[in-house]
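Just below is one structure, and these are the notes that go with it.
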Amino acid sequence: ALLLVRDGAGYAGLAAGTGGQRVELFTIKAVDAATAPRPSVRVGDAVACMIALPGGGLAVGTEGGAIELFNGHDILRGGAPYAYLHAAAAVSALLVLETGELVTGSFQGTADVYPSASLSDLAGASSRHRTLKVGDAVSALVALPGGGLAVGTWGGFVELFRRGETTPHAQLQISNPDFPVALVNSLLILTSGELAVGTGAGTVELFSEQALISGGSALGRMHASGSVHGLAPATPGFFVALTAEGLDLFHEAAGPGGKPLRSITIGGPAAALAPVPHGGLAVAAGPRVHLFNSSSLVGGGGRYAV
């Protein structure tokens with residue numbers, strides 16, 4: 001897992017969750033200089049996902065089912081967790097909605113919605129949430145432009161929830177002729193308002209919200225160089241898909257065939273990506289974090305630091 005974090009004063013750093021029980025912190029100055037991380041914090045189990053909290057803070061979801069909450073000031077200086085939440089199973093996805101709510105997805109096929117994502121409200125709030133009933137293990141979460149929530153599952157479904165409701169009002173199975181059940185690995189709202197669905201079959205499917213509700217066909221299908229592990233915006237009109245080999249750059253309005261405009265191979269298996277300040281992207285691959293300028297990616301440039 002990889003994430004940009006800030007403290008309450010706006011001081012920024014890059015948090016990298018490892019396969020062990022650590023979150024390593026890079027200051028932005030250290031990121032630009034490609035220097036070693038300082039400091040790091042230890043969590044109770046392997047890091048599965050992370051999300052920045054409003055007002056400066058970090059929530060770390062673990063494979064043990066705990067969500068460890070850190071004050072932004074403390075985590076950038078190696079402090080201990082501020083509080084804990086507990087899920088019914090391994091935590092698989094985290095999201096903060098525009099309404100200020102925190103959504104936590106688990107492998108048990110549920111998503112818990114907490115009324116506030118602020119640290120002070122979350123402390124001791126394990127019993128104060130509503131639970132969304134999802135049909136399978138949750139793999140991805142994204143807020144929809146109209147205020148709803150889209151949930152991706154390991155069984156290859158995208159389920160839509162209206163604000164305040166606990167059962168989906170629509171669901172659509174993402175299918176592929178060569179991969180009957182396409183694991184939904186990632187979701188992204190494009191600048192056009194369409195939903196991009198990254199799959200384990202190596203495709204990125206584009207849907208309007210209406211098509212998802214009505215069970216309609218994808219507006220487009222793009223073919224990545226491998227199983228899609230993540231999606232992120234680049235510059236307006238462009239986005240990147242993370243595969244085990246590296247990054248694939250796509251135009252949102254892909255033509256017939258939907259092939260990448262360019263692909264960048266990264267040494268070591270790529271595992272996570274996140275935006276960084278000044279229009280950049282960070283990609284975690286093995287023990288390294290590779291840094292890219294989004295404009296340079298679109299223009300044909302490469303990484304600027306490792």
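Going by the structure tokens order, chains are called A, B, ..., each with residues numbered from 1, while ligands are numbered from 1 in the order shown.
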Using only C-alpha atoms, find each residue of range 183-287 of chain A with at least one atom at most 6 Å away from an atom of range 154-171 of chain A; report its shortest atom-to-atom pair and that distance in Å (one decimal), sort the rows by chain and rising residue number, and return the result as a tab-separated table.
```
residue	atom	partner	partner_atom	distance
A:Leu183	CA	A:Gly156	CA	4.3
A:Val184	CA	A:Gly156	CA	5.0
A:Ile213	CA	A:Ala170	CA	5.2
```
Those residues you just picked out, can you put them in a file as an mmCIF file, in the first residue's frame with N, CA, C and O atoms?
```
data_model
loop_
_atom_site.group_PDB
_atom_site.id
_atom_site.type_symbol
_atom_site.label_atom_id
_atom_site.label_comp_id
_atom_site.auth_asym_id
_atom_site.auth_seq_id
_atom_site.Cartn_x
_atom_site.Cartn_y
_atom_site.Cartn_z
ATOM 1 N N LEU A 183 -12.091 -10.769 -11.603
ATOM 2 C CA LEU A 183 -11.892 -10.143 -10.303
ATOM 3 C C LEU A 183 -11.764 -8.634 -10.467
ATOM 4 O O LEU A 183 -10.958 -8.151 -11.256
ATOM 5 N N VAL A 184 -12.577 -7.871 -9.737
ATOM 6 C CA VAL A 184 -12.507 -6.409 -9.790
ATOM 7 C C VAL A 184 -11.425 -5.955 -8.809
ATOM 8 O O VAL A 184 -11.590 -6.047 -7.598
ATOM 9 N N ILE A 213 -26.516 0.567 -13.587
ATOM 10 C CA ILE A 213 -27.829 0.380 -12.981
ATOM 11 C C ILE A 213 -28.716 -0.515 -13.850
ATOM 12 O O ILE A 213 -29.421 -1.400 -13.356
#
```
Q.
Excluding Leu122 in chain A and its own-chain neighbours fewer than 3 positions away, which residues fall within 12 Å of it when counting only C-alpha atoms? Please give them as a count of residues only.
A. 31
Q.
When you look at Ser227 in chain A with a cut-off of 7 Å (counting only C-alpha atoms), what residues show up, excluding the ones that are within fewer than 6 positions of it in the same chain? I need them as a VMD selection string.
A. chain A and resid 199 to 202 243
Q: as number ranges by chain, list the residues of range 152-219 of chain A assigned to strand (DSSP E) by DSSP on the backbone atoms of this structure.
A: A: 152-153, 157-161, 170-173, 184-189, 195-199, 203-207
Generate a file of the selected residues that holds C-alpha atoms, formatted as an mmCIF file, in the first residue's frame.
```cif
data_model
loop_
_atom_site.group_PDB
_atom_site.id
_atom_site.type_symbol
_atom_site.label_atom_id
_atom_site.label_comp_id
_atom_site.auth_asym_id
_atom_site.auth_seq_id
_atom_site.Cartn_x
_atom_site.Cartn_y
_atom_site.Cartn_z
ATOM 1 C CA GLY A 152 -15.967 -3.967 -6.342
ATOM 2 C CA THR A 153 -15.827 -7.614 -5.287
ATOM 3 C CA PHE A 157 -19.187 -7.730 -9.446
ATOM 4 C CA VAL A 158 -19.646 -3.982 -9.077
ATOM 5 C CA GLU A 159 -22.433 -3.206 -6.584
ATOM 6 C CA LEU A 160 -24.009 0.247 -6.234
ATOM 7 C CA PHE A 161 -25.325 1.671 -2.966
ATOM 8 C CA ALA A 170 -27.918 -2.419 -8.603
ATOM 9 C CA GLN A 171 -25.123 -4.848 -9.381
ATOM 10 C CA LEU A 172 -23.348 -5.847 -12.557
ATOM 11 C CA GLN A 173 -20.966 -8.716 -13.200
ATOM 12 C CA VAL A 184 -12.507 -6.409 -9.790
ATOM 13 C CA ASN A 185 -9.187 -5.090 -8.488
ATOM 14 C CA SER A 186 -9.654 -1.325 -8.701
ATOM 15 C CA LEU A 187 -12.184 1.427 -9.420
ATOM 16 C CA LEU A 188 -11.625 5.004 -10.608
ATOM 17 C CA ILE A 189 -13.927 7.871 -11.557
ATOM 18 C CA LEU A 195 -16.395 4.560 -13.913
ATOM 19 C CA ALA A 196 -13.226 2.691 -14.866
ATOM 20 C CA VAL A 197 -13.090 -0.896 -13.595
ATOM 21 C CA GLY A 198 -9.674 -2.572 -13.501
ATOM 22 C CA THR A 199 -9.872 -6.376 -13.591
ATOM 23 C CA THR A 203 -8.857 -5.195 -18.882
ATOM 24 C CA VAL A 204 -10.141 -1.755 -17.912
ATOM 25 C CA GLU A 205 -13.889 -1.534 -18.523
ATOM 26 C CA LEU A 206 -15.584 1.881 -18.795
ATOM 27 C CA PHE A 207 -19.190 2.299 -17.634
#
```
Q: Counting only C-alpha atoms, figure out which residue out of A:Leu25, A:Leu97, A:Ala234, A:Ala46 gets nearest to Gly72 in chain A.
A: A:Leu25
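Secondary structure of range 38-257 of chain A, helix (DSSP H, G or I) only (DSSP, backbone atoms): Gly72, His73, Asp74, Ile75, Leu119, Ser120, Asp121, Leu122, Glu209, Gln210, Ala211, Leu212, Ile213 and Ser214 of chain A.
Taking only C-alpha atoms into account, Asp136 in chain A lies nearest to A:Gln108 out of the set A:Leu149, A:Gln108, A:Asp121, A:Asp45.
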Q: Check the smallest atom-to-atom distance from each of A:Leu14, A:Ala218, A:Ala123, A:Leu190 to Phe239 in chain A using only C-alpha atoms, then report the winner.
A: A:Leu190
